[in-house]
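Structure data follow from target_3.txt (compact mmCIF, C-alpha atoms (C1' of nucleotides)):
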```
# COMPACT_ATOMS: atom_id res chain seq x y z
CA MET A 1 -183.76 43.05 20.65
CA THR A 2 -183.63 46.54 22.01
CA SER A 3 -185.88 48.70 19.88
CA GLU A 4 -185.97 52.44 20.27
CA PRO A 5 -188.36 53.54 23.00
CA PRO A 6 -191.03 56.10 21.98
CA VAL A 7 -189.99 58.33 24.88
CA ARG A 8 -193.27 60.02 25.59
CA LYS A 9 -193.54 62.51 28.31
CA ARG A 10 -196.30 61.97 30.79
CA ASP A 11 -198.55 65.00 30.70
CA ALA A 12 -202.18 64.52 31.54
CA THR A 13 -203.38 68.01 30.62
CA ALA A 14 -201.56 67.93 27.30
CA THR A 15 -203.05 64.55 26.46
CA LYS A 16 -206.46 65.82 27.44
CA ALA A 17 -206.07 68.78 25.11
CA LEU A 18 -204.88 66.56 22.27
CA ILE A 19 -207.93 64.36 22.65
CA LEU A 20 -210.21 67.37 22.78
CA ASP A 21 -208.72 68.86 19.64
CA ALA A 22 -208.84 65.59 17.75
CA ALA A 23 -212.43 65.10 18.80
CA ALA A 24 -213.38 68.60 17.64
CA VAL A 25 -211.96 67.99 14.19
CA LEU A 26 -213.50 64.57 13.74
CA PHE A 27 -216.91 65.45 15.16
CA ALA A 28 -217.05 68.44 12.82
CA GLU A 29 -215.96 66.34 9.89
CA ARG A 30 -218.08 63.24 10.33
CA GLY A 31 -220.61 63.98 13.01
CA PHE A 32 -221.10 62.18 16.29
CA ASP A 33 -222.21 58.76 15.16
CA ARG A 34 -219.65 58.30 12.44
CA THR A 35 -216.78 59.22 14.70
CA THR A 36 -215.40 56.37 16.79
CA VAL A 37 -213.47 56.71 19.98
CA ARG A 38 -210.73 54.70 18.36
CA ASP A 39 -210.40 57.28 15.61
CA ILE A 40 -210.23 60.09 18.12
CA ALA A 41 -207.59 58.36 20.19
CA ALA A 42 -205.57 57.50 17.11
CA ARG A 43 -205.63 61.07 15.84
CA ALA A 44 -204.66 62.35 19.26
CA GLY A 45 -201.89 59.80 19.46
CA ALA A 46 -203.27 58.60 22.75
CA ASN A 47 -204.61 55.36 24.09
CA GLN A 48 -208.35 55.18 23.92
CA ALA A 49 -208.66 54.15 27.52
CA LEU A 50 -207.41 57.60 28.47
CA LEU A 51 -210.33 59.13 26.64
CA PHE A 52 -212.66 57.45 29.07
CA ARG A 53 -210.50 58.21 32.07
CA TYR A 54 -210.46 61.91 31.29
CA PHE A 55 -213.92 62.45 29.84
CA GLY A 56 -216.00 59.57 31.11
CA SER A 57 -217.81 58.77 27.90
CA LYS A 58 -217.99 59.63 24.23
CA GLU A 59 -221.10 61.67 24.93
CA ALA A 60 -219.42 63.71 27.64
CA LEU A 61 -216.46 64.39 25.39
CA PHE A 62 -218.82 65.58 22.70
CA GLU A 63 -220.53 67.91 25.12
CA GLU A 64 -217.24 69.51 26.08
CA VAL A 65 -216.34 69.99 22.44
CA VAL A 66 -219.65 71.64 21.64
CA ALA A 67 -219.63 73.82 24.70
CA ARG A 68 -216.06 74.95 24.27
CA GLY A 69 -216.22 75.69 20.56
CA GLY A 70 -219.42 77.67 20.45
CA ARG A 71 -218.90 80.27 23.11
CA GLU A 72 -215.62 81.65 21.88
CA GLN A 73 -217.09 83.49 18.94
CA LEU A 74 -220.18 84.44 20.85
CA GLU A 75 -218.19 86.17 23.55
CA SER A 76 -215.73 87.86 21.25
CA THR A 77 -218.07 89.36 18.67
CA PRO A 78 -220.32 92.41 19.12
CA ALA A 79 -223.96 91.71 18.42
CA ALA A 80 -224.27 93.86 15.33
CA ALA A 81 -221.41 92.07 13.62
CA LEU A 82 -222.52 88.62 14.67
CA PRO A 83 -224.56 87.57 11.63
CA ALA A 84 -221.84 88.52 9.17
CA ALA A 85 -219.19 86.94 11.39
CA MET A 86 -221.13 83.70 11.65
CA ILE A 87 -221.62 83.55 7.91
CA ARG A 88 -217.98 84.27 7.19
CA ARG A 89 -216.84 81.70 9.66
CA LEU A 90 -219.18 79.20 8.12
CA LEU A 91 -218.15 79.88 4.54
CA THR A 92 -214.43 80.15 5.03
CA GLY A 93 -214.59 76.84 6.83
CA ASP A 94 -211.72 77.47 9.16
CA GLY A 95 -213.98 77.30 12.20
CA GLN A 96 -215.28 73.92 13.29
CA SER A 97 -217.55 75.16 16.03
CA ILE A 98 -220.61 75.72 13.92
CA ALA A 99 -219.98 72.54 12.02
CA VAL A 100 -219.99 70.66 15.28
CA PHE A 101 -223.20 72.42 16.19
CA LEU A 102 -224.67 71.29 12.89
CA ARG A 103 -223.44 67.80 13.35
CA ALA A 104 -225.00 67.64 16.76
CA ALA A 105 -228.30 66.85 15.11
CA HIS A 106 -228.35 63.20 15.93
CA SER A 107 -226.77 63.08 19.31
CA ASP A 108 -228.14 62.24 22.67
CA ARG A 109 -230.33 64.25 24.97
CA ALA A 110 -227.52 65.43 27.16
CA ALA A 111 -225.64 66.85 24.20
CA ALA A 112 -228.88 68.19 22.80
CA GLU A 113 -229.28 70.26 25.92
CA VAL A 114 -225.86 71.81 25.56
CA ARG A 115 -226.66 72.52 21.95
CA ALA A 116 -230.03 74.04 22.75
CA ARG A 117 -228.54 76.28 25.40
CA LEU A 118 -225.89 77.46 22.98
CA GLY A 119 -228.55 78.14 20.38
CA ASP A 120 -230.48 80.14 22.94
CA ASP A 121 -227.41 82.22 23.64
CA TYR A 122 -227.02 83.05 19.98
CA THR A 123 -230.70 83.84 19.71
CA ARG A 124 -230.57 86.16 22.69
CA VAL A 125 -227.65 88.13 21.29
CA LEU A 126 -229.23 88.34 17.86
CA ALA A 127 -232.49 89.47 19.42
CA THR A 128 -230.83 92.68 20.61
CA LEU A 129 -230.60 93.73 16.98
CA THR A 130 -234.28 94.48 16.68
CA ASP A 131 -236.84 96.21 18.87
CA ALA A 132 -239.80 94.35 17.45
CA PRO A 133 -242.05 92.68 20.02
CA ASP A 134 -241.30 89.26 18.55
CA ALA A 135 -237.57 89.89 18.61
CA GLU A 136 -236.69 86.38 19.67
CA LEU A 137 -238.63 84.72 16.92
CA ARG A 138 -237.01 86.97 14.35
CA ALA A 139 -233.60 86.33 15.84
CA GLU A 140 -234.19 82.64 15.64
CA LEU A 141 -235.08 82.97 12.00
CA VAL A 142 -231.73 84.65 11.44
CA LEU A 143 -229.96 81.86 13.27
CA ALA A 144 -231.88 79.36 11.19
CA TRP A 145 -230.66 81.03 8.05
CA VAL A 146 -227.05 80.90 9.05
CA LEU A 147 -227.26 77.29 10.09
CA GLY A 148 -229.11 76.42 6.92
CA LEU A 149 -226.31 78.01 5.01
CA GLY A 150 -223.86 75.72 6.70
CA LEU A 151 -226.11 72.78 6.08
CA VAL A 152 -226.46 73.39 2.37
CA ARG A 153 -222.80 74.07 1.97
CA GLU A 154 -221.57 71.18 3.98
CA VAL A 155 -224.23 68.62 3.29
CA ALA A 156 -225.42 69.28 -0.22
CA GLY A 157 -222.17 70.85 -1.31
CA ALA A 158 -224.22 72.65 -3.92
CA GLU A 159 -222.25 74.39 -6.60
CA PRO A 160 -223.11 78.07 -6.50
CA LEU A 161 -222.74 78.33 -2.75
CA ARG A 162 -219.64 76.25 -2.49
CA GLY A 163 -217.66 78.44 -4.82
CA ALA A 164 -219.28 81.69 -3.82
CA ASP A 165 -217.29 84.55 -2.36
CA PRO A 166 -218.21 85.03 1.32
CA ASP A 167 -218.36 88.78 0.85
CA GLU A 168 -220.76 88.33 -2.01
CA VAL A 169 -222.99 86.12 0.12
CA VAL A 170 -222.93 88.59 2.97
CA ARG A 171 -223.77 91.38 0.55
CA LEU A 172 -226.80 89.46 -0.71
CA LEU A 173 -227.98 88.40 2.70
CA ALA A 174 -227.52 91.66 4.56
CA PRO A 175 -230.50 93.53 3.10
CA ALA A 176 -232.76 90.54 3.57
CA VAL A 177 -231.73 90.15 7.19
CA ARG A 178 -232.30 93.84 7.69
CA THR A 179 -235.75 93.51 6.19
CA LEU A 180 -236.54 90.65 8.53
CA LEU A 181 -235.37 92.49 11.60
CA GLU A 182 -236.67 95.98 10.86
CA ARG A 183 -240.05 95.24 9.43
CA ALA A 184 -242.50 96.20 12.11
CA GLU A 185 -246.13 95.39 11.55
CA MET B 1 -263.72 46.92 -11.12
CA THR B 2 -264.43 43.58 -9.63
CA SER B 3 -261.55 41.63 -11.05
CA GLU B 4 -259.22 42.00 -8.08
CA PRO B 5 -258.60 39.36 -5.46
CA PRO B 6 -259.72 41.04 -2.24
CA VAL B 7 -257.23 39.98 0.38
CA ARG B 8 -253.81 38.55 -0.18
CA LYS B 9 -251.98 37.27 2.81
CA ARG B 10 -248.73 37.07 0.95
CA ASP B 11 -248.25 40.36 -0.85
CA ALA B 12 -244.77 41.43 -1.81
CA THR B 13 -245.69 44.93 -3.00
CA ALA B 14 -247.68 45.63 0.14
CA THR B 15 -244.80 44.48 2.33
CA LYS B 16 -242.44 46.60 0.30
CA ALA B 17 -244.65 49.63 0.84
CA LEU B 18 -244.89 48.93 4.57
CA ILE B 19 -241.13 48.79 4.84
CA LEU B 20 -240.75 51.95 2.81
CA ASP B 21 -243.22 53.82 5.00
CA ALA B 22 -241.68 52.61 8.22
CA ALA B 23 -238.25 53.57 6.97
CA ALA B 24 -239.46 57.05 6.02
CA VAL B 25 -240.82 57.66 9.50
CA LEU B 26 -237.80 56.33 11.34
CA PHE B 27 -235.19 57.96 9.11
CA ALA B 28 -236.98 61.28 9.54
CA GLU B 29 -237.20 60.79 13.27
CA ARG B 30 -233.74 59.52 14.10
CA GLY B 31 -231.61 59.96 11.02
CA PHE B 32 -229.80 57.30 9.07
CA ASP B 33 -227.23 56.10 11.56
CA ARG B 34 -229.55 55.86 14.53
CA THR B 35 -232.11 53.88 12.64
CA THR B 36 -231.49 50.15 12.54
CA VAL B 37 -232.84 47.75 9.99
CA ARG B 38 -234.29 45.76 12.85
CA ASP B 39 -236.31 48.79 13.95
CA ILE B 40 -237.58 49.35 10.44
CA ALA B 41 -238.59 45.73 10.01
CA ALA B 42 -240.28 45.69 13.41
CA ARG B 43 -242.28 48.83 12.66
CA ALA B 44 -243.29 47.46 9.29
CA GLY B 45 -244.27 44.18 10.90
CA ALA B 46 -242.00 42.37 8.50
CA ASN B 47 -239.00 40.14 8.76
CA GLN B 48 -235.78 42.05 8.37
CA ALA B 49 -234.48 39.64 5.76
CA LEU B 50 -237.21 40.89 3.43
CA LEU B 51 -235.79 44.36 3.70
CA PHE B 52 -232.61 43.16 2.09
CA ARG B 53 -234.43 41.02 -0.44
CA TYR B 54 -236.50 43.96 -1.65
CA PHE B 55 -234.07 46.83 -1.31
CA GLY B 56 -230.64 45.30 -1.29
CA SER B 57 -229.13 47.32 1.51
CA LYS B 58 -229.95 49.89 4.15
CA GLU B 59 -228.30 52.54 2.00
CA ALA B 60 -230.39 51.67 -1.03
CA LEU B 61 -233.56 51.77 1.04
CA PHE B 62 -232.59 55.19 2.32
CA GLU B 63 -232.03 56.45 -1.19
CA GLU B 64 -235.47 55.32 -2.23
CA VAL B 65 -237.03 57.07 0.75
CA VAL B 66 -235.23 60.32 0.01
CA ALA B 67 -235.94 60.22 -3.69
CA ARG B 68 -239.59 59.35 -3.26
CA GLY B 69 -240.37 61.86 -0.57
CA GLY B 70 -238.78 64.92 -2.07
CA ARG B 71 -240.16 65.03 -5.53
CA GLU B 72 -243.83 64.84 -4.65
CA GLN B 73 -244.03 68.38 -3.34
CA LEU B 74 -241.65 69.67 -5.95
CA GLU B 75 -243.81 68.42 -8.79
CA SER B 76 -247.12 69.44 -7.31
CA THR B 77 -246.37 73.01 -6.24
CA PRO B 78 -246.02 76.04 -8.51
CA ALA B 79 -242.73 77.84 -8.16
CA ALA B 80 -244.11 81.02 -6.68
CA ALA B 81 -245.81 79.16 -3.88
CA LEU B 82 -242.88 76.85 -3.19
CA PRO B 83 -241.10 78.76 -0.39
CA ALA B 84 -244.26 79.20 1.63
CA ALA B 85 -245.26 75.61 0.97
CA MET B 86 -241.89 74.30 2.09
CA ILE B 87 -241.99 76.34 5.25
CA ARG B 88 -245.51 75.27 6.09
CA ARG B 89 -244.71 71.66 5.48
CA LEU B 90 -241.68 71.98 7.68
CA LEU B 91 -243.46 73.71 10.53
CA THR B 92 -246.62 71.68 10.56
CA GLY B 93 -244.47 68.61 10.73
CA ASP B 94 -246.80 66.30 8.91
CA GLY B 95 -244.36 65.91 6.06
CA GLN B 96 -241.31 63.80 6.66
CA SER B 97 -239.65 64.41 3.34
CA ILE B 98 -237.70 67.49 4.32
CA ALA B 99 -236.82 65.97 7.64
CA VAL B 100 -235.32 63.03 5.85
CA PHE B 101 -233.44 65.42 3.63
CA LEU B 102 -232.12 67.12 6.73
CA ARG B 103 -231.21 63.86 8.31
CA ALA B 104 -229.33 62.82 5.24
CA ALA B 105 -226.39 64.87 6.43
CA HIS B 106 -224.26 61.98 7.57
CA SER B 107 -225.04 59.34 5.08
CA ASP B 108 -222.99 57.73 2.42
CA ARG B 109 -221.90 59.09 -0.93
CA ALA B 110 -224.55 57.29 -2.88
CA ALA B 111 -227.28 58.81 -0.75
CA ALA B 112 -225.49 62.13 -0.81
CA GLU B 113 -225.79 62.15 -4.56
CA VAL B 114 -229.52 61.61 -4.46
CA ARG B 115 -229.77 64.36 -1.91
CA ALA B 116 -227.62 66.75 -3.91
CA ARG B 117 -229.66 66.16 -7.04
CA LEU B 118 -232.86 66.81 -5.15
CA GLY B 119 -231.38 69.99 -3.73
CA ASP B 120 -230.44 71.09 -7.22
CA ASP B 121 -233.99 70.52 -8.37
CA TYR B 122 -235.32 72.74 -5.61
CA THR B 123 -232.72 75.36 -6.38
CA ARG B 124 -233.59 75.36 -10.05
CA VAL B 125 -237.27 75.87 -9.39
CA LEU B 126 -236.62 78.60 -6.86
CA ALA B 127 -234.25 80.30 -9.28
CA THR B 128 -237.16 80.99 -11.62
CA LEU B 129 -238.48 83.43 -9.05
CA THR B 130 -235.86 86.03 -9.78
CA ASP B 131 -234.30 87.44 -12.90
CA ALA B 132 -231.07 88.49 -11.25
CA PRO B 133 -227.93 87.24 -12.94
CA ASP B 134 -226.95 85.26 -9.85
CA ALA B 135 -230.37 83.68 -9.59
CA GLU B 136 -229.08 80.28 -8.59
CA LEU B 137 -227.03 81.59 -5.72
CA ARG B 138 -229.99 83.56 -4.43
CA ALA B 139 -232.22 80.55 -4.83
CA GLU B 140 -229.80 78.46 -2.88
CA LEU B 141 -229.83 81.00 -0.09
CA VAL B 142 -233.60 80.63 0.07
CA LEU B 143 -233.28 76.88 0.21
CA ALA B 144 -230.70 77.25 2.93
CA TRP B 145 -233.08 79.32 4.95
CA VAL B 146 -235.87 76.81 4.75
CA LEU B 147 -233.59 73.94 5.65
CA GLY B 148 -232.10 75.94 8.49
CA LEU B 149 -235.58 76.51 9.75
CA GLY B 150 -236.13 72.80 9.87
CA LEU B 151 -232.81 72.30 11.52
CA VAL B 152 -233.43 74.77 14.30
CA ARG B 153 -236.92 73.49 14.86
CA GLU B 154 -236.11 69.85 14.82
CA VAL B 155 -232.65 69.86 16.27
CA ALA B 156 -232.56 72.70 18.71
CA GLY B 157 -236.27 72.62 19.36
CA ALA B 158 -235.92 76.25 20.35
CA GLU B 159 -238.91 77.74 22.06
CA PRO B 160 -240.14 80.65 19.96
CA LEU B 161 -239.99 78.75 16.72
CA ARG B 162 -241.40 75.54 18.05
CA GLY B 163 -244.58 77.15 19.24
CA ALA B 164 -244.81 79.71 16.48
CA ASP B 165 -247.77 79.89 14.13
CA PRO B 166 -246.67 78.82 10.64
CA ASP B 167 -248.61 81.69 9.10
CA GLU B 168 -246.82 84.11 11.36
CA VAL B 169 -243.46 82.73 10.32
CA VAL B 170 -244.35 82.92 6.66
CA ARG B 171 -245.54 86.50 7.17
CA LEU B 172 -242.19 87.43 8.72
CA LEU B 173 -240.10 85.63 6.16
CA ALA B 174 -241.94 86.64 3.01
CA PRO B 175 -240.66 90.23 2.83
CA ALA B 176 -237.13 89.16 3.58
CA VAL B 177 -237.19 86.52 0.88
CA ARG B 178 -238.61 89.08 -1.51
CA THR B 179 -235.80 91.45 -0.63
CA LEU B 180 -233.26 88.74 -1.31
CA LEU B 181 -234.73 87.81 -4.64
CA GLU B 182 -235.66 91.23 -5.99
CA ARG B 183 -232.63 93.21 -5.02
CA ALA B 184 -230.80 93.75 -8.28
CA GLU B 185 -227.42 95.38 -8.26
C1' DC C 1 -251.73 15.88 -8.29
C1' DC C 2 -246.78 17.49 -8.47
C1' DA C 3 -242.97 20.55 -9.54
C1' DC C 4 -241.65 25.14 -9.26
C1' DT C 5 -241.50 29.89 -7.87
C1' DT C 6 -242.52 33.48 -4.61
C1' DT C 7 -243.08 35.20 0.06
C1' DG C 8 -242.05 34.86 4.87
C1' DT C 9 -239.25 33.15 9.00
C1' DA C 10 -235.56 31.82 12.36
C1' DA C 11 -231.08 31.81 13.38
C1' DG C 12 -226.63 33.28 13.23
C1' DC C 13 -222.07 35.11 11.20
C1' DG C 14 -218.38 38.30 11.06
C1' DG C 15 -217.21 42.73 12.28
C1' DT C 16 -217.46 47.02 14.91
C1' DT C 17 -218.82 49.67 18.82
C1' DG C 18 -218.34 51.97 23.48
C1' DC C 19 -216.31 50.87 27.44
C1' DT C 20 -213.59 48.11 31.17
C1' DT C 21 -209.91 45.73 33.28
C1' DA C 22 -205.35 44.37 34.63
C1' DC C 23 -201.10 45.84 34.60
C1' DA C 24 -196.56 48.25 33.42
C1' DA C 25 -193.96 52.47 33.76
C1' DG C 26 -192.84 57.17 35.30
C1' DC C 27 -192.87 60.68 38.98
C1' DT C 28 -192.45 62.42 43.67
C1' DA C 29 -192.37 62.40 48.74
C1' DG C 30 -190.40 60.47 52.82
C1' DC D 1 -184.27 53.40 47.97
C1' DT D 2 -189.12 52.58 47.94
C1' DA D 3 -193.90 53.21 48.68
C1' DG D 4 -197.69 55.26 46.52
C1' DC D 5 -199.80 57.95 43.41
C1' DT D 6 -200.40 59.23 38.46
C1' DT D 7 -200.05 58.36 33.51
C1' DG D 8 -199.98 55.16 29.72
C1' DT D 9 -200.79 50.51 27.50
C1' DA D 10 -202.60 46.01 25.83
C1' DA D 11 -206.21 43.13 25.65
C1' DG D 12 -210.72 41.90 25.73
C1' DC D 13 -215.83 41.89 26.92
C1' DA D 14 -220.66 42.27 25.94
C1' DA D 15 -223.73 44.21 22.96
C1' DC D 16 -225.14 45.63 18.63
C1' DC D 17 -224.66 46.32 13.75
C1' DG D 18 -225.74 45.17 8.63
C1' DC D 19 -226.32 41.32 6.20
C1' DT D 20 -226.67 36.14 4.85
C1' DT D 21 -228.22 31.55 4.94
C1' DA D 22 -231.24 27.57 5.31
C1' DC D 23 -235.60 26.46 5.29
C1' DA D 24 -240.84 26.35 5.72
C1' DA D 25 -245.22 27.87 3.92
C1' DA D 26 -248.21 29.74 0.34
C1' DG D 27 -249.49 30.38 -4.31
C1' DT D 28 -249.50 28.86 -9.40
C1' DG D 29 -249.19 26.37 -13.84
C1' DG D 30 -249.25 22.02 -16.18
```

If you took the structure in this file and wrote it as structure tokens, what would it be?
Amino acid sequence: MTSEPPVRKRDATATKALILDAAAVLFAERGFDRTTVRDIAARAGANQALLFRYFGSKEALFEEVVARGGREQLESTPAAALPAAMIRRLLTGDGQSIAVFLRAAHSDRAAAEVRARLGDDYTRVLATLTDAPDAELRAELVLAWVLGLGLVREVAGAEPLRGADPDEVVRLLAPAVRTLLERAE
Amino acid sequence: MTSEPPVRKRDATATKALILDAAAVLFAERGFDRTTVRDIAARAGANQALLFRYFGSKEALFEEVVARGGREQLESTPAAALPAAMIRRLLTGDGQSIAVFLRAAHSDRAAAEVRARLGDDYTRVLATLTDAPDAELRAELVLAWVLGLGLVREVAGAEPLRGADPDEVVRLLAPAVRTLLERAE
DNA sequence: CCACTTTGTAAGCGGTTGCTTACAAGCTAG
DNA sequence: CTAGCTTGTAAGCAACCGCTTACAAAGTGG
């Protein structure tokens, strides 16, 4: 019997993008280990064999997701506004990039390298906010705070933070961050 | 006390403890998903079937590890000294409890509950450090910072923090934490 | 001593995983 | 048209996973 054909257009770059997007969402939602290539392919509406043809491996796909997501914000935000922007992005939850970064905890060495390099980039930008001799250490402490925020919110889902107004959080954190960065000793 | 039999070859409680210890180390090191029950049993020098006899499931074992590890420090440290103690424990790396807590990110709902409850306990204790009306939110921000510290150190392994002196880190963080907690508005 | 329970072991089952292979179908050049 | 490349698909492989089962050995009470 002649059933209706799914009539799919053949577009490699579009399929690639679909897979990449699906992977970004799922990696952010469940982390690397709990996301299967079958899930990604299903969400992208693509055959899973294509995932391997276009990206080589699950690891490589993950690396592309991490690398792509992180740098957008970094390149489009001035240093002084970066902490607040990171926090807002984290709390409003509409950005997956930091979530993916968080979720990268358990992944392989190759992905860990991408992640570390991205973290270094953030640290370097944040370090321009202070003229203390240990600027990088202080910057890293700021980065740690932001990531910890995401961790507590996403992982623990603790009540006060989950329902808190992002502006309120920024208002509380700002003076403390300033103290950390300005305090010369 | 001479009434104890000196050496027991077959000792259920000892085996249980061995499994629990091995699990704590491995969960802290690799996280839940990347730790296999075979690895745990091998490290404990026990047969993996015993793991299921004594703990029921991998999830249940994980819950016991998380629950056991977290409360020790919480019960033995006065509130005022808790932030510094947490940071030191995190940075010196000899305590696995917080690492396990960190690693608990991707685990199941049952474990997530244990984790959330433990996080609430920490938050509650930290909240006693300030008399601001939004004490719990501020406390949670402190907790977030400490956990983020662990995340950056363990996950990103970034250079300044990895080699940093714990005392130095505490010295940098202390004023900022004080600012966060004391700032009334 | 024997019957019974507890502790430890060996083997494997069913399911899932990342990844591969063999092949069909669409597109374009000649 | 058709040859040859690209894009998509169906099926399955080998390895590993959490977990179970069947059974042997050690300890204990009567």

request  = Pull out every residue of chain D sitting within 8 Å of chain A, counting all atoms listed in the file, and send them as a list in words.
outcome  =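 That gives the following set of residues: DT7, DG8 and DT9 of chain D.
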
So that I have them on file, write out the residues from the current selection with C-alpha atoms (C1' of nucleotides), as a compact mmCIF listing (two decimals), keeping the file's coordinate frame.
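Now in part.txt:
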```txt
# COMPACT_ATOMS: atom_id res chain seq x y z
C1' DT D 7 -200.05 58.36 33.51
C1' DG D 8 -199.98 55.16 29.72
C1' DT D 9 -200.79 50.51 27.50
```

Using all atoms listed in the file, tabulate the residues of chain A lying at most 7 Å from any atom of chain B, each with its closest atom pair and that distance in Å to one decimal, by chain and increasing residue number, as CSV.
```
residue,atom,partner,partner_atom,distance
A:Arg30,CA,B:His106,CA,6.9
A:Gly31,CA,B:His106,CA,6.8
A:Asp33,CA,B:Asp33,CA,6.7
A:Ala105,CA,B:Val155,CA,5.4
A:His106,CA,B:Gly31,CA,6.7
A:Arg115,CA,B:Ala156,CA,6.7
A:Ala116,CA,B:Ala156,CA,5.0
A:Gly119,CA,B:Ala156,CA,7.0
A:Glu136,CA,B:Pro160,CA,6.7
A:Leu137,CA,B:Pro160,CA,5.3
A:Leu141,CA,B:Leu149,CA,6.9
A:Ala144,CA,B:Gly148,CA,4.4
A:Trp145,CA,B:Trp145,CA,4.3
A:Leu147,CA,B:Gly148,CA,5.3
A:Gly148,CA,B:Gly148,CA,3.4
A:Leu149,CA,B:Ala144,CA,4.9
A:Val152,CA,B:Ala144,CA,5.8
A:Val155,CA,B:Ala105,CA,5.3
A:Ala156,CA,B:Ala116,CA,5.0
A:Ala158,CA,B:Ala116,CA,6.8
A:Pro160,CA,B:Leu137,CA,5.3
A:Leu161,CA,B:Leu137,CA,6.2
A:Leu172,CA,B:Leu180,CA,6.5
A:Leu173,CA,B:Leu180,CA,6.6
A:Pro175,CA,B:Thr179,CA,6.8
A:Ala176,CA,B:Ala176,CA,4.6
A:Val177,CA,B:Ala176,CA,6.6
A:Thr179,CA,B:Ala176,CA,5.3
A:Leu180,CA,B:Ala176,CA,5.2
```

What are the closest atom pairs, with distances in Å to one decimal, for each residue of region 25-67 of chain B lying within 12 Å of region 17-26 of chain D, using all atoms listed in the file, rows by chain and rising residue number, as a Markdown table?
```
| residue | atom | partner | partner_atom | distance |
| --- | --- | --- | --- | --- |
| B:Asp33 | CA | D:DC17 | C1' | 10.3 |
| B:Arg34 | CA | D:DC17 | C1' | 10.7 |
| B:Thr35 | CA | D:DC17 | C1' | 10.7 |
| B:Thr36 | CA | D:DC17 | C1' | 7.9 |
| B:Val37 | CA | D:DG18 | C1' | 7.7 |
| B:Arg38 | CA | D:DG18 | C1' | 9.6 |
| B:Asp39 | CA | D:DC17 | C1' | 11.9 |
| B:Gln48 | CA | D:DC19 | C1' | 9.7 |
| B:Ala49 | CA | D:DC19 | C1' | 8.3 |
| B:Leu50 | CA | D:DC19 | C1' | 11.2 |
| B:Leu51 | CA | D:DC19 | C1' | 10.3 |
| B:Phe52 | CA | D:DC19 | C1' | 7.7 |
| B:Arg53 | CA | D:DC19 | C1' | 10.5 |
| B:Gly56 | CA | D:DC19 | C1' | 9.5 |
| B:Ser57 | CA | D:DC19 | C1' | 8.1 |
| B:Lys58 | CA | D:DG18 | C1' | 7.8 |
| B:Glu59 | CA | D:DG18 | C1' | 10.2 |
```

task = Would you kindly return, as a PyMOL selection string, each protein, DNA or RNA residue with an atom no farther than 12 Å from any atom of DG12 (chain D), considering only C-alpha atoms (C1' of nucleotides) and excluding same-chain residues fewer than 3 positions away?
result = chain C and resi 19-22

Could you write out the selected residues, including C-alpha atoms (C1' of nucleotides), as a JSON list (two decimals), keeping the file's coordinate frame?
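Below is the file again.json, written as the result:
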```json
[["chain", "number", "residue", "atom", "x", "y", "z"],
["C", 19, "DC", "C1'", -216.31, 50.87, 27.44],
["C", 20, "DT", "C1'", -213.59, 48.11, 31.17],
["C", 21, "DT", "C1'", -209.91, 45.73, 33.28],
["C", 22, "DA", "C1'", -205.35, 44.37, 34.63]]
```

Distance-based interface of chain C with chain B, 12 Å, counting all atoms listed in the file, as a ChimeraX atom specification = /C:6-11

ask   = Which residue gives the smallest distance to Ala44 (chain A) among A:Leu91, A:Val66, A:Leu18, A:Leu26, with only C-alpha atoms counted?
value =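 Looking at the shortest contact to Ala44 (chain A), the residue is A:Leu18.
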
inquiry  = What's the separation between C1' of DT5 (chain C) and C1' of DG29 (chain D), in Å to one decimal place?
reply    =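 Going from C1' of DT5 (chain C) over to C1' of DG29 (chain D) covers 10.4 Å.
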
Test item: axis-aligned box, all listed atoms of region 16-23 of chain C, 8 Å on each side, centre and edges in Å rounded to one decimal, as AutoDock Vina command-line options:
```
--center_x -210.0 --center_y 48.2 --center_z 24.8 --size_x 33.7 --size_y 23.6 --size_z 35.7
```

task = Could you give me, as an NGL selection string, the residues within 12 Å of DA15 (chain D), counting all atoms listed in the file and dropping anything in the same chain fewer than 4 positions from it?
result = :C and (16-19)

Take the residues from that selection and put them in a file with C-alpha atoms (C1' of nucleotides), as an mmCIF file, in the frame of the given file.
```cif
data_model
loop_
_atom_site.group_PDB
_atom_site.id
_atom_site.type_symbol
_atom_site.label_atom_id
_atom_site.label_comp_id
_atom_site.auth_asym_id
_atom_site.auth_seq_id
_atom_site.Cartn_x
_atom_site.Cartn_y
_atom_site.Cartn_z
ATOM 1 C "C1'" DT C 16 -217.460 47.020 14.910
ATOM 2 C "C1'" DT C 17 -218.820 49.670 18.820
ATOM 3 C "C1'" DG C 18 -218.340 51.970 23.480
ATOM 4 C "C1'" DC C 19 -216.310 50.870 27.440
#
```

ask   = Do you know which residues are at most 8 Å from region 76-85 of chain B counting all atoms listed in the file, after dropping those on the same chain fewer than 2 positions away, and could you put them as a VMD selection string?
value = chain B and resid 72 to 74 87 to 89 125 to 126 128 to 129 142 146 170 174

query = How many Å lie between CA of Asp21 (chain B) and C1' of DC16 (chain D), rounded to one decimal?
reply = 24.1 Å

Point-to-point distance from CA of Arg43 (chain A) to C1' of DA11 (chain D), Å rounded to tenths = 20.5 Å

query = Mind listing as number ranges by chain all residues within 12 Å of (-253.4, 22.8, -13.3), counting all atoms listed in the file?
reply = C: 1-3; D: 28-30
